[in-house]
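Coordinates from work-v4.cif are shown below (mmCIF, C-alpha atoms and all ligand atoms).
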```cif
data_input
loop_
_atom_site.label_atom_id
_atom_site.label_comp_id
_atom_site.auth_asym_id
_atom_site.auth_seq_id
_atom_site.Cartn_x
_atom_site.Cartn_y
_atom_site.Cartn_z
CA MET A 1 -160.07 -144.32 15.06
CA SER A 2 -161.52 -141.18 13.52
CA ARG A 3 -159.07 -138.78 11.95
CA PHE A 4 -161.05 -136.02 13.70
CA LEU A 5 -160.11 -137.21 17.20
CA ASP A 6 -157.44 -135.02 18.80
CA THR A 7 -154.13 -136.77 18.27
CA LYS A 8 -153.30 -136.43 21.98
CA PHE A 9 -156.05 -138.98 22.72
CA ALA A 10 -155.03 -141.46 20.04
CA ALA A 11 -152.94 -143.59 22.36
CA LEU A 12 -155.17 -143.20 25.44
CA GLU A 13 -156.02 -146.55 27.00
CA ALA A 14 -159.51 -146.24 28.40
CA TYR A 15 -160.74 -147.87 31.60
CA VAL A 16 -162.23 -151.33 31.03
CA PRO A 17 -165.23 -151.86 33.32
CA GLY A 18 -166.05 -155.32 34.65
CA GLU A 19 -168.37 -157.28 32.42
CA GLN A 20 -172.15 -156.76 32.60
CA PRO A 21 -173.07 -160.00 30.84
CA ARG A 22 -176.21 -160.44 28.81
CA ASP A 23 -175.54 -163.89 27.34
CA LYS A 24 -176.77 -165.90 30.31
CA LYS A 25 -177.61 -165.60 33.96
CA TYR A 26 -174.48 -165.65 36.09
CA ILE A 27 -173.93 -165.47 39.80
CA LYS A 28 -172.39 -162.08 39.41
CA LEU A 29 -169.41 -161.59 41.71
CA ASN A 30 -167.27 -159.48 39.38
CA THR A 31 -168.02 -155.78 39.94
CA ASN A 32 -168.46 -155.40 43.71
CA GLU A 33 -172.14 -154.56 43.54
CA SER A 34 -174.47 -155.30 46.44
CA PRO A 35 -176.50 -158.51 46.25
CA PHE A 36 -179.33 -156.75 48.06
CA PRO A 37 -182.00 -154.44 46.60
CA PRO A 38 -182.07 -150.74 47.52
CA CYS A 39 -183.89 -149.87 50.75
CA ALA A 40 -187.70 -149.94 50.79
CA ALA A 41 -188.08 -146.14 50.61
CA VAL A 42 -186.06 -146.05 47.37
CA ILE A 43 -188.12 -148.79 45.75
CA GLU A 44 -191.32 -147.04 46.82
CA ALA A 45 -190.20 -143.66 45.46
CA MET A 46 -189.13 -145.17 42.13
CA ASN A 47 -192.45 -146.96 41.75
CA GLY A 48 -194.33 -143.79 42.61
CA ALA A 49 -194.76 -140.26 41.38
CA ALA A 50 -191.08 -139.28 41.26
CA ALA A 51 -190.71 -140.42 37.65
CA ALA A 52 -193.33 -137.90 36.50
CA ASP A 53 -190.96 -135.08 37.47
CA LEU A 54 -188.36 -136.22 34.96
CA ARG A 55 -189.54 -133.52 32.54
CA LEU A 56 -187.85 -131.02 34.87
CA TYR A 57 -184.12 -130.51 35.17
CA SER A 58 -182.54 -131.86 38.32
CA ASP A 59 -181.56 -129.49 41.13
CA PRO A 60 -178.02 -128.40 40.13
CA THR A 61 -177.17 -127.85 43.80
CA SER A 62 -178.32 -131.39 44.74
CA VAL A 63 -179.30 -129.88 48.07
CA GLY A 64 -181.44 -132.75 49.39
CA VAL A 65 -178.89 -135.47 48.96
CA LYS A 66 -176.07 -133.16 50.04
CA ARG A 67 -177.90 -132.49 53.29
CA ALA A 68 -178.53 -136.19 53.86
CA ILE A 69 -174.82 -136.95 53.40
CA ALA A 70 -173.83 -134.03 55.64
CA ASP A 71 -176.25 -135.23 58.36
CA PHE A 72 -174.94 -138.76 58.17
CA TYR A 73 -171.38 -137.63 58.73
CA GLY A 74 -172.12 -134.70 61.02
CA VAL A 75 -170.49 -132.12 58.75
CA ALA A 76 -171.83 -128.88 57.24
CA PRO A 77 -173.31 -129.21 53.70
CA GLU A 78 -170.58 -126.83 52.46
CA TYR A 79 -168.17 -129.73 52.95
CA VAL A 80 -170.02 -131.95 50.48
CA PHE A 81 -169.83 -132.26 46.69
CA VAL A 82 -172.00 -134.81 44.90
CA SER A 83 -171.10 -136.44 41.62
CA ASN A 84 -172.26 -138.84 38.95
CA GLY A 85 -170.66 -141.86 40.58
CA SER A 86 -167.49 -141.39 42.57
CA ASP A 87 -165.67 -141.74 39.25
CA GLU A 88 -166.82 -138.22 38.42
CA SER A 89 -165.41 -136.86 41.69
CA LEU A 90 -162.12 -138.57 40.90
CA ASN A 91 -162.27 -137.25 37.34
CA PHE A 92 -162.59 -133.67 38.57
CA LEU A 93 -159.86 -134.13 41.17
CA PHE A 94 -157.43 -135.38 38.52
CA MET A 95 -158.54 -132.68 36.07
CA ALA A 96 -158.26 -129.72 38.38
CA PHE A 97 -156.27 -130.57 41.51
CA CYS A 98 -153.11 -132.13 40.11
CA GLU A 99 -151.07 -129.17 38.96
CA ASN A 100 -147.97 -130.90 40.31
CA GLY A 101 -148.93 -134.33 39.05
CA ALA A 102 -150.48 -137.38 40.69
CA ALA A 103 -149.09 -140.20 42.81
CA TYR A 104 -150.72 -143.58 43.45
CA ALA A 105 -149.85 -147.23 44.03
CA ASP A 106 -148.87 -149.62 41.25
CA ILE A 107 -151.70 -151.95 42.20
CA THR A 108 -154.81 -149.92 42.91
CA TYR A 109 -158.01 -148.74 41.25
CA GLY A 110 -157.20 -148.80 37.52
CA PHE A 111 -159.01 -145.56 36.76
CA TYR A 112 -156.30 -143.44 38.44
CA GLN A 113 -153.89 -144.29 35.66
CA VAL A 114 -156.55 -143.58 33.02
CA PHE A 115 -157.37 -140.15 34.45
CA ALA A 116 -153.68 -139.31 34.78
CA ASP A 117 -153.19 -140.25 31.11
CA LEU A 118 -156.32 -138.41 30.02
CA TYR A 119 -155.10 -135.17 31.59
CA GLN A 120 -151.47 -135.92 30.73
CA LYS A 121 -150.31 -135.55 34.31
CA LYS A 122 -146.86 -136.30 35.53
CA THR A 123 -147.14 -139.37 37.77
CA THR A 124 -145.23 -141.18 40.45
CA VAL A 125 -146.26 -144.79 40.90
CA VAL A 126 -145.51 -146.24 44.33
CA PRO A 127 -145.03 -150.02 44.35
CA LEU A 128 -146.86 -152.08 46.93
CA GLU A 129 -144.69 -154.28 49.16
CA ASP A 130 -144.50 -158.03 48.42
CA ASP A 131 -147.37 -158.67 50.84
CA PHE A 132 -149.47 -156.05 49.00
CA THR A 133 -149.33 -153.52 51.84
CA LEU A 134 -148.35 -149.91 51.17
CA ASP A 135 -145.37 -148.41 52.99
CA PRO A 136 -146.44 -144.99 54.36
CA ALA A 137 -142.82 -143.78 54.19
CA LYS A 138 -142.80 -144.34 50.42
CA LEU A 139 -146.05 -142.38 50.12
CA LYS A 140 -144.62 -139.54 52.22
CA ALA A 141 -141.65 -139.34 49.88
CA THR A 142 -143.92 -138.28 46.98
CA THR A 143 -144.87 -134.65 46.38
CA GLU A 144 -147.77 -134.87 43.89
CA THR A 145 -151.47 -134.98 44.72
CA LEU A 146 -151.72 -138.39 46.35
CA PHE A 147 -154.58 -140.77 45.55
CA ILE A 148 -155.07 -143.61 48.02
CA ALA A 149 -157.86 -146.14 47.71
CA ASN A 150 -158.52 -147.00 51.35
CA PRO A 151 -159.25 -149.88 51.58
CA ASN A 152 -157.20 -150.53 48.50
CA ALA A 153 -158.61 -152.31 45.47
CA PRO A 154 -158.24 -155.07 44.49
CA THR A 155 -156.29 -156.09 47.61
CA GLY A 156 -158.87 -154.99 50.22
CA ILE A 157 -156.15 -153.89 52.65
CA CYS A 158 -156.94 -150.82 54.77
CA PHE A 159 -154.94 -148.16 56.62
CA THR A 160 -156.19 -146.94 59.99
CA PRO A 161 -157.03 -143.20 60.27
CA ASP A 162 -153.81 -142.44 62.20
CA VAL A 163 -151.72 -143.50 59.19
CA ILE A 164 -153.78 -141.31 56.85
CA GLU A 165 -153.47 -138.43 59.32
CA SER A 166 -149.70 -138.84 59.37
CA LEU A 167 -149.67 -138.54 55.56
CA VAL A 168 -151.89 -135.47 55.68
CA THR A 169 -149.74 -133.71 58.28
CA ALA A 170 -146.42 -134.76 56.70
CA ASN A 171 -146.89 -132.16 53.96
CA PRO A 172 -149.72 -129.63 54.39
CA GLU A 173 -148.88 -128.21 50.95
CA ARG A 174 -150.07 -131.20 49.00
CA LEU A 175 -153.56 -132.58 48.64
CA ILE A 176 -154.35 -136.14 49.68
CA VAL A 177 -157.38 -137.82 48.13
CA VAL A 178 -158.66 -140.83 50.04
CA ASP A 179 -160.98 -142.97 47.96
CA GLU A 180 -163.23 -144.72 50.49
CA ALA A 181 -165.38 -146.67 48.01
CA TYR A 182 -165.22 -149.73 50.30
CA ILE A 183 -164.89 -148.14 53.73
CA ASP A 184 -168.25 -149.36 55.06
CA PHE A 185 -167.20 -153.00 55.18
CA GLY A 186 -164.80 -152.84 58.13
CA GLY A 187 -162.54 -149.81 57.80
CA GLU A 188 -162.79 -146.48 59.61
CA SER A 189 -163.55 -143.38 57.55
CA VAL A 190 -161.29 -140.32 57.72
CA VAL A 191 -164.19 -137.94 57.02
CA PRO A 192 -163.79 -136.44 60.55
CA LEU A 193 -160.26 -135.34 59.59
CA THR A 194 -161.70 -133.05 56.91
CA GLN A 195 -162.85 -130.79 59.75
CA LYS A 196 -159.25 -130.33 60.81
CA TYR A 197 -157.18 -130.34 57.62
CA ASP A 198 -157.68 -128.44 54.38
CA ASN A 199 -155.44 -130.72 52.31
CA LEU A 200 -157.62 -133.83 52.55
CA ALA A 201 -160.48 -134.87 50.24
CA VAL A 202 -162.49 -138.01 50.99
CA VAL A 203 -164.34 -139.64 48.09
CA GLN A 204 -167.14 -142.13 48.63
CA THR A 205 -169.79 -143.92 46.57
CA PHE A 206 -173.36 -145.18 46.83
CA SER A 207 -172.43 -148.09 44.53
CA LYS A 208 -171.13 -150.61 47.06
CA SER A 209 -172.71 -150.32 50.51
CA ARG A 210 -175.88 -148.47 49.46
CA GLN A 211 -177.15 -150.62 46.58
CA LEU A 212 -177.21 -147.79 44.00
CA ALA A 213 -174.47 -148.70 41.50
CA GLY A 214 -176.86 -148.23 38.59
CA ALA A 215 -178.10 -144.85 39.85
CA ARG A 216 -174.54 -143.43 39.63
CA LEU A 217 -173.96 -141.41 42.76
CA GLY A 218 -170.78 -140.53 44.59
CA PHE A 219 -169.52 -137.67 46.74
CA THR A 220 -166.49 -135.85 48.04
CA ILE A 221 -166.18 -134.47 51.55
CA ALA A 222 -163.49 -131.83 51.99
CA ASN A 223 -162.82 -128.30 53.15
CA PRO A 224 -165.30 -125.82 51.53
CA ALA A 225 -162.50 -124.28 49.43
CA ILE A 226 -161.93 -127.63 47.72
CA ILE A 227 -165.68 -128.14 47.31
CA GLU A 228 -165.91 -124.72 45.68
CA GLY A 229 -163.24 -125.79 43.17
CA LEU A 230 -165.12 -129.00 42.39
CA GLU A 231 -168.36 -127.04 41.93
CA LYS A 232 -166.56 -124.72 39.52
CA ILE A 233 -165.51 -127.70 37.39
CA LYS A 234 -169.01 -129.16 37.57
CA TYR A 235 -170.64 -125.91 36.43
CA SER A 236 -168.06 -125.76 33.64
CA THR A 237 -168.81 -129.27 32.37
CA ASN A 238 -172.22 -130.61 33.42
CA PRO A 239 -174.27 -128.53 35.89
CA TYR A 240 -177.01 -131.19 36.15
CA ASN A 241 -174.53 -133.94 36.84
CA VAL A 242 -176.81 -135.91 39.17
CA ASN A 243 -180.27 -136.70 37.83
CA ARG A 244 -183.51 -136.17 39.77
CA LEU A 245 -184.24 -139.80 40.56
CA THR A 246 -180.71 -140.40 41.75
CA GLN A 247 -180.76 -137.37 44.04
CA LEU A 248 -183.95 -138.68 45.62
CA CYS A 249 -182.69 -142.27 45.93
CA GLY A 250 -179.45 -141.04 47.45
CA ALA A 251 -181.16 -138.96 50.13
CA LEU A 252 -183.56 -141.78 51.03
CA SER A 253 -180.87 -144.41 51.24
CA MET A 254 -178.63 -142.21 53.41
CA GLN A 255 -181.52 -141.75 55.81
CA ASP A 256 -182.17 -145.48 56.22
CA ARG A 257 -179.35 -146.29 58.61
CA ALA A 258 -180.91 -149.53 59.79
CA TYR A 259 -180.92 -151.03 56.30
CA PHE A 260 -177.40 -149.77 55.65
CA ASP A 261 -176.16 -151.48 58.81
CA LYS A 262 -178.10 -154.67 58.20
CA THR A 263 -176.80 -155.11 54.65
CA ARG A 264 -173.17 -154.24 55.33
CA THR A 265 -173.16 -156.55 58.35
CA ALA A 266 -174.50 -159.34 56.14
CA ILE A 267 -171.65 -158.74 53.67
CA ILE A 268 -169.06 -158.82 56.46
CA GLU A 269 -170.51 -162.14 57.72
CA ASN A 270 -170.61 -163.62 54.22
CA ARG A 271 -167.02 -162.52 53.72
CA ALA A 272 -165.94 -164.34 56.90
CA TYR A 273 -167.76 -167.47 55.73
CA THR A 274 -166.12 -167.35 52.28
CA VAL A 275 -162.63 -166.70 53.67
CA THR A 276 -162.96 -169.68 56.05
CA GLU A 277 -164.20 -172.01 53.31
CA LEU A 278 -161.57 -170.99 50.75
CA LYS A 279 -158.78 -171.25 53.34
CA LYS A 280 -159.86 -174.84 54.04
CA ARG A 281 -159.36 -175.47 50.32
CA GLY A 282 -155.81 -174.14 50.20
CA PHE A 283 -156.43 -170.55 49.16
CA THR A 284 -154.51 -167.58 50.52
CA MET A 285 -156.19 -164.21 50.77
CA THR A 286 -155.25 -160.69 51.71
CA ASP A 287 -156.91 -159.30 54.83
CA SER A 288 -159.92 -157.73 53.14
CA MET A 289 -161.93 -154.91 54.69
CA THR A 290 -164.17 -154.69 51.62
CA ASN A 291 -167.06 -156.40 49.87
CA PHE A 292 -164.62 -158.53 47.89
CA ILE A 293 -161.77 -160.90 48.57
CA PHE A 294 -158.55 -161.29 46.65
CA ALA A 295 -157.78 -164.99 46.51
CA LYS A 296 -155.06 -167.28 45.21
CA SER A 297 -155.19 -171.08 45.04
CA ASP A 298 -152.25 -173.32 45.95
CA LYS A 299 -153.41 -175.78 43.27
CA ILE A 300 -154.58 -173.95 40.15
CA SER A 301 -153.69 -170.72 38.38
CA GLY A 302 -155.76 -167.57 38.71
CA LYS A 303 -156.82 -167.82 35.08
CA ALA A 304 -157.86 -171.48 35.42
CA TYR A 305 -159.90 -170.64 38.51
CA TYR A 306 -161.57 -167.70 36.76
CA ASP A 307 -162.35 -169.82 33.67
CA GLY A 308 -163.58 -172.74 35.76
CA LEU A 309 -165.94 -170.51 37.73
CA ARG A 310 -167.23 -168.89 34.58
CA GLU A 311 -167.99 -172.28 33.01
CA ARG A 312 -169.99 -173.03 36.13
CA GLY A 313 -171.96 -169.81 35.91
CA VAL A 314 -170.02 -167.78 38.48
CA LEU A 315 -168.46 -164.56 37.25
CA VAL A 316 -165.50 -163.07 39.16
CA ARG A 317 -162.78 -160.60 38.12
CA TYR A 318 -159.39 -161.63 36.80
CA PHE A 319 -156.87 -158.91 36.02
CA GLY A 320 -154.01 -160.94 34.52
CA LYS A 321 -151.60 -158.13 35.42
CA ALA A 322 -148.01 -158.48 36.57
CA ARG A 323 -147.74 -159.33 40.31
CA ILE A 324 -151.40 -160.26 40.64
CA SER A 325 -151.90 -162.81 37.84
CA ASP A 326 -152.29 -165.66 40.37
CA TYR A 327 -155.25 -163.93 42.01
CA VAL A 328 -158.93 -163.47 41.33
CA ARG A 329 -161.14 -160.86 42.93
CA ILE A 330 -164.41 -162.25 44.21
CA THR A 331 -167.26 -159.92 45.18
CA ILE A 332 -169.06 -160.94 48.36
CA GLY A 333 -172.67 -161.64 47.52
CA SER A 334 -175.53 -163.25 49.42
CA ARG A 335 -174.92 -166.36 51.52
CA GLU A 336 -176.51 -168.52 48.80
CA GLU A 337 -174.26 -167.02 46.15
CA MET A 338 -171.17 -167.65 48.26
CA GLU A 339 -172.26 -171.24 48.90
CA ALA A 340 -172.59 -171.67 45.14
CA LEU A 341 -169.08 -170.23 44.69
CA VAL A 342 -167.69 -172.71 47.22
CA ALA A 343 -169.49 -175.62 45.53
CA ALA A 344 -168.15 -174.54 42.12
CA THR A 345 -164.66 -174.27 43.65
CA ASP A 346 -164.91 -177.84 44.97
CA ASP A 347 -165.89 -179.05 41.54
CA ILE A 348 -163.01 -177.19 39.87
CA LEU A 349 -160.45 -178.48 42.38
CA ALA A 350 -161.77 -182.05 42.07
CA LYS A 351 -161.45 -181.93 38.27
CA ALA A 352 -157.97 -180.38 38.56
CA GLY A 353 -156.87 -183.21 40.88
CA GLU A 354 -158.05 -186.00 38.54
N1 LIG A 401 -163.07 -146.19 43.62
C1 LIG A 401 -162.81 -147.50 43.66
C2 LIG A 401 -161.65 -147.95 44.48
C3 LIG A 401 -163.61 -148.41 42.96
O1 LIG A 401 -163.32 -149.71 42.98
C4 LIG A 401 -164.71 -147.93 42.22
C5 LIG A 401 -165.62 -148.91 41.51
N2 LIG A 401 -165.22 -149.34 40.29
C6 LIG A 401 -164.93 -146.56 42.18
C7 LIG A 401 -164.11 -145.71 42.90
C8 LIG A 401 -166.01 -145.94 41.33
O2 LIG A 401 -167.27 -146.25 41.75
P1 LIG A 401 -168.55 -145.44 41.27
O3 LIG A 401 -168.15 -144.56 40.11
O4 LIG A 401 -169.54 -146.48 40.93
O5 LIG A 401 -168.95 -144.61 42.44
#
```
Go ahead and express the file in the form of structure tokens.
Ligand code: PMP
Amino acid sequence: MSRFLDTKFAALEAYVPGEQPRDKKYIKLNTNESPFPPCAAVIEAMNGAAAADLRLYSDPTSVGVKRAIADFYGVAPEYVFVSNGSDESLNFLFMAFCENGAAYADITYGFYQVFADLYQKKTTVVPLEDDFTLDPAKLKATTETLFIANPNAPTGICFTPDVIESLVTANPERLIVVDEAYIDFGGESVVPLTQKYDNLAVVQTFSKSRQLAGARLGFTIANPAIIEGLEKIKYSTNPYNVNRLTQLCGALSMQDRAYFDKTRTAIIENRAYTVTELKKRGFTMTDSMTNFIFAKSDKISGKAYYDGLRERGVLVRYFGKARISDYVRITIGSREEMEALVAATDDILAKAGE
């Protein structure tokens, strides 16, 4: 490491993204992307004149995409902040809204820990129960800014809005951040609660249910005072945080509700198919409300399953962490991809039984 790097970052353990392999063509079920292309309007815009405008800076207010998000959720645009992926929203929330520290679950989105370390925040880590659910009473007992991935990752388990509301009302003096990266695959968003409570921020992404992971677009919906704070951080770090093409793609994809519904419904159906098939083969799974499943075999270890799939050209995610080392996380892809996963699983289990 360079001797010029601030010593306070020397021991920082950075987030490790899922692999984006280049060595060969995999069935890629490891980073919860959509198997479907962006909607037709996005493809058309990207193939057309929009690229010529790249010589100009992007609109720092991101007004078009902000309006599209606000319309979709029926809130005023003043309630919306847009970011370079939802990771940037989370980054700013950890940076600037955690004066009293941050609380989150022991098994959740790994970036929370990284941001907390980066900003050297005091943290309280709330352990999940043995069945991987979160006990709301344990969350209520914390006092820091609370980050909840809902549904949680990598377990896929989701709270209903009444539970989130009970957390929000339990202590109006602390901020609750609900990360709804996967909410469109079966859960119910708490965006409507932002109209009622000023201590709730809801973070979402275009990466999972809107086919724009590579465009990097996320957003936060919260009371305008919180949005103002996020804008202040944005204008103090990177005013043009969302590029022109991404702003356009985001607005167009928000407006195409039919495609959004068609693709998320397909994922939900493919999830049901995969759960049924893996259960038949002795797997147990958490009750996932996301575009992935968290699965454990009764015959082979998580690592052996991950390796076996990889050898057969199917890439999934294995964390190898305490408590979850028996599990792999499998993104739900197209029906053909899930059939290939099931076939590869049969082959692995047959070899293991020999
Ligand atoms: N939250 C959760 C729970 C996630 O799993 C992810 C994806 N890695 C993100 C946020 C960030 O997604 P993005 O930055 O692509 O919007």
Next item on the list: Determine the nearest neighbour of Ile183 in chain A from the options A:Val342, A:Leu309, A:Val203, A:Val125, counting only C-alpha atoms.
Entry: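 Among A:Val342, A:Leu309, A:Val203, A:Val125, it is A:Val203 that comes nearest to Ile183 in chain A.
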Check: Mind pulling up the distance from CA of Val65 in chain A to CA of Asn238 in chain A?
Finding: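 We find that CA of Asn238 in chain A and CA of Val65 in chain A lie 17.6 Å from each other.
As for CA of Thr31 in chain A and CA of Thr205 in chain A, they are spaced 13.7 Å apart.
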Neighbour list for Ala340 in chain A as a compact mmCIF listing (two decimals) with C-alpha atoms, in the coordinates of the input, cut-off 9 Å, only C-alpha atoms, skip fewer than 4 positions in-chain:
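Wrote it out as result26.txt, contents follow:
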```
# COMPACT_ATOMS: atom_id res chain seq x y z
CA ILE A 27 -173.93 -165.47 39.80
CA VAL A 314 -170.02 -167.78 38.48
CA ARG A 335 -174.92 -166.36 51.52
CA GLU A 336 -176.51 -168.52 48.80
CA ALA A 344 -168.15 -174.54 42.12
CA THR A 345 -164.66 -174.27 43.65
```
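Each of A:Pro77, A:Pro224, A:Gly250, A:Gly320 was checked against Arg210 in chain A using only C-alpha atoms; the smallest atom-to-atom distance is that of A:Gly250.
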Next item on the list: Kindly indicate which residue among A:Val275, A:Val178, A:Leu12, A:Ile324 lies nearest to ligand LIG 401 (chain A), using all atoms listed in the file for the distances.
Entry: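 Of all the options, A:Val178 lies closest to ligand LIG 401 (chain A).
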Item checked: Nearby residues, ligand LIG 401 (chain A), 9 Å, all atoms listed in the file, as a VMD selection string -> chain A and resid 17 to 18 31 to 33 83 to 90 108 to 112 148 to 154 179 to 182 203 to 208 212 to 219
Next item on the list: Considering all atoms listed in the file, state which residue in the set A:Ala116, A:Ala304, A:Ala51, A:Leu193 is at the smallest distance from Lys351 in chain A.
Entry: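 Result for the nearest residue to Lys351 in chain A: A:Ala304.
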Margin query: Nearest residue to Val316 in chain A out of A:Asp71, A:Glu19, A:Glu44, A:Asp59, using only C-alpha atoms?
Written below: A:Glu19
Check: CA of Phe36 in chain A and CA of Thr274 in chain A, how far apart in Å?
Finding: 17.5 Å
Next item on the list: Go through A:Ile330, A:Ala258, A:Ala350, A:Leu252 and flag the residue nearest Asn291 in chain A, using all atoms listed in the file for the distances.
Entry: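 Closest residue, counting all atoms listed in the file: A:Ile330.
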Using only C-alpha atoms, find each residue of range 149-250 of chain A with at least one atom at most 7 Å away from an atom of range 135-145 of chain A; report its shortest atom-to-atom pair and that distance in Å (one decimal), sort the rows by chain and rising residue number, and return the result as CSV.
```
residue,atom,partner,partner_atom,distance
A:Leu167,CA,A:Lys140,CA,6.1
A:Ala170,CA,A:Lys140,CA,6.8
A:Arg174,CA,A:Thr145,CA,5.9
A:Leu175,CA,A:Thr145,CA,5.0
A:Ile176,CA,A:Thr145,CA,5.9
```
Checklist line | Nearby residues (only C-alpha atoms) at most 10 Å from Leu278 in chain A, same-chain spacing under 5 positions excluded, as an MDAnalysis selection string | finding: chainID A and resid 273 283:285 295:297 341:342 345:346
Check: Can you list, as a PyMOL selection string, every protein, DNA or RNA residue that comes within 12 Å of Ala266 in chain A when you count only C-alpha atoms, leaving out same-chain residues fewer than 4 positions away?
Finding: chain A and resi 34-36+184-186+209+259-262+270-273+291+332-336+338
Write to file, as a short mmCIF file (atom, residue, chain, number, x, y, z; two decimals), in the coordinates of the input, the residues of the selection just made, with C-alpha atoms.
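Written file, out13.cif:
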```cif
data_model
loop_
_atom_site.label_atom_id
_atom_site.label_comp_id
_atom_site.auth_asym_id
_atom_site.auth_seq_id
_atom_site.Cartn_x
_atom_site.Cartn_y
_atom_site.Cartn_z
CA SER A 34 -174.47 -155.30 46.44
CA PRO A 35 -176.50 -158.51 46.25
CA PHE A 36 -179.33 -156.75 48.06
CA ASP A 184 -168.25 -149.36 55.06
CA PHE A 185 -167.20 -153.00 55.18
CA GLY A 186 -164.80 -152.84 58.13
CA SER A 209 -172.71 -150.32 50.51
CA TYR A 259 -180.92 -151.03 56.30
CA PHE A 260 -177.40 -149.77 55.65
CA ASP A 261 -176.16 -151.48 58.81
CA LYS A 262 -178.10 -154.67 58.20
CA ASN A 270 -170.61 -163.62 54.22
CA ARG A 271 -167.02 -162.52 53.72
CA ALA A 272 -165.94 -164.34 56.90
CA TYR A 273 -167.76 -167.47 55.73
CA ASN A 291 -167.06 -156.40 49.87
CA ILE A 332 -169.06 -160.94 48.36
CA GLY A 333 -172.67 -161.64 47.52
CA SER A 334 -175.53 -163.25 49.42
CA ARG A 335 -174.92 -166.36 51.52
CA GLU A 336 -176.51 -168.52 48.80
CA MET A 338 -171.17 -167.65 48.26
#
```
Test item: axis-aligned box, all listed atoms of range 9-23 of chain A, 5 Å on each side, centre and edges in Å rounded to one decimal, as lines of an AutoDock Vina configuration file:
```
center_x = -164.6
center_y = -151.4
center_z = 27.3
size_x = 33.3
size_y = 34.9
size_z = 24.6
```
Next item on the list: Identify, on the basis of only C-alpha atoms, every residue whose closest approach to Val63 in chain A does not exceed 10 Å; exclude the query and any residue fewer than 2 positions from it along the same chain; express the result as a ChimeraX atom specification.
Entry: /A:59-61,65-69,77,80-82,247,251
Next item on the list: Mind checking which residues fall within 10 Å of Phe72 in chain A, counting all atoms listed in the file, ignoring those fewer than 6 positions away in the same chain, and posting them as a ChimeraX atom specification?
Entry: /A:66,254-255,257
Can you give me all heavy atoms for range 207-211 of chain A, written as a PDB file, keeping the file's coordinate frame?
```
ATOM      1  N   SER A 207    -172.364-146.892  45.388  1.00  0.00           N
ATOM      2  CA  SER A 207    -172.430-148.090  44.530  1.00  0.00           C
ATOM      3  C   SER A 207    -172.219-149.393  45.281  1.00  0.00           C
ATOM      4  O   SER A 207    -172.626-150.443  44.789  1.00  0.00           O
ATOM      5  CB  SER A 207    -171.355-148.002  43.445  1.00  0.00           C
ATOM      6  OG  SER A 207    -171.564-146.905  42.601  1.00  0.00           O
ATOM      7  N   LYS A 208    -171.550-149.355  46.420  1.00  0.00           N
ATOM      8  CA  LYS A 208    -171.130-150.610  47.060  1.00  0.00           C
ATOM      9  C   LYS A 208    -171.976-150.942  48.288  1.00  0.00           C
ATOM     10  O   LYS A 208    -172.560-152.002  48.366  1.00  0.00           O
ATOM     11  CB  LYS A 208    -169.655-150.533  47.459  1.00  0.00           C
ATOM     12  CG  LYS A 208    -168.743-149.916  46.422  1.00  0.00           C
ATOM     13  CD  LYS A 208    -168.655-150.746  45.171  1.00  0.00           C
ATOM     14  CE  LYS A 208    -167.784-150.067  44.115  1.00  0.00           C
ATOM     15  NZ  LYS A 208    -167.782-150.766  42.858  1.00  0.00           N
ATOM     16  N   SER A 209    -172.022-150.029  49.241  1.00  0.00           N
ATOM     17  CA  SER A 209    -172.710-150.320  50.510  1.00  0.00           C
ATOM     18  C   SER A 209    -174.113-149.742  50.547  1.00  0.00           C
ATOM     19  O   SER A 209    -174.813-149.892  51.540  1.00  0.00           O
ATOM     20  CB  SER A 209    -171.891-149.760  51.673  1.00  0.00           C
ATOM     21  OG  SER A 209    -171.626-148.377  51.460  1.00  0.00           O
ATOM     22  N   ARG A 210    -174.545-149.074  49.454  1.00  0.00           N
ATOM     23  CA  ARG A 210    -175.880-148.470  49.460  1.00  0.00           C
ATOM     24  C   ARG A 210    -176.729-148.886  48.262  1.00  0.00           C
ATOM     25  O   ARG A 210    -177.716-148.222  47.912  1.00  0.00           O
ATOM     26  CB  ARG A 210    -175.776-146.946  49.572  1.00  0.00           C
ATOM     27  CG  ARG A 210    -175.144-146.526  50.891  1.00  0.00           C
ATOM     28  CD  ARG A 210    -175.002-145.041  51.040  1.00  0.00           C
ATOM     29  NE  ARG A 210    -174.108-144.729  52.127  1.00  0.00           N
ATOM     30  CZ  ARG A 210    -174.454-144.661  53.401  1.00  0.00           C
ATOM     31  NH1 ARG A 210    -175.697-144.862  53.752  1.00  0.00           N
ATOM     32  NH2 ARG A 210    -173.556-144.397  54.329  1.00  0.00           N
ATOM     33  N   GLN A 211    -176.314-149.947  47.593  1.00  0.00           N
ATOM     34  CA  GLN A 211    -177.150-150.620  46.580  1.00  0.00           C
ATOM     35  C   GLN A 211    -177.571-149.717  45.411  1.00  0.00           C
ATOM     36  O   GLN A 211    -178.622-149.926  44.820  1.00  0.00           O
ATOM     37  CB  GLN A 211    -178.428-151.199  47.234  1.00  0.00           C
ATOM     38  CG  GLN A 211    -178.201-152.260  48.277  1.00  0.00           C
ATOM     39  CD  GLN A 211    -177.957-151.706  49.674  1.00  0.00           C
ATOM     40  OE1 GLN A 211    -178.403-150.630  50.005  1.00  0.00           O
ATOM     41  NE2 GLN A 211    -177.246-152.464  50.481  1.00  0.00           N
TER      42      GLN A 211
END
```
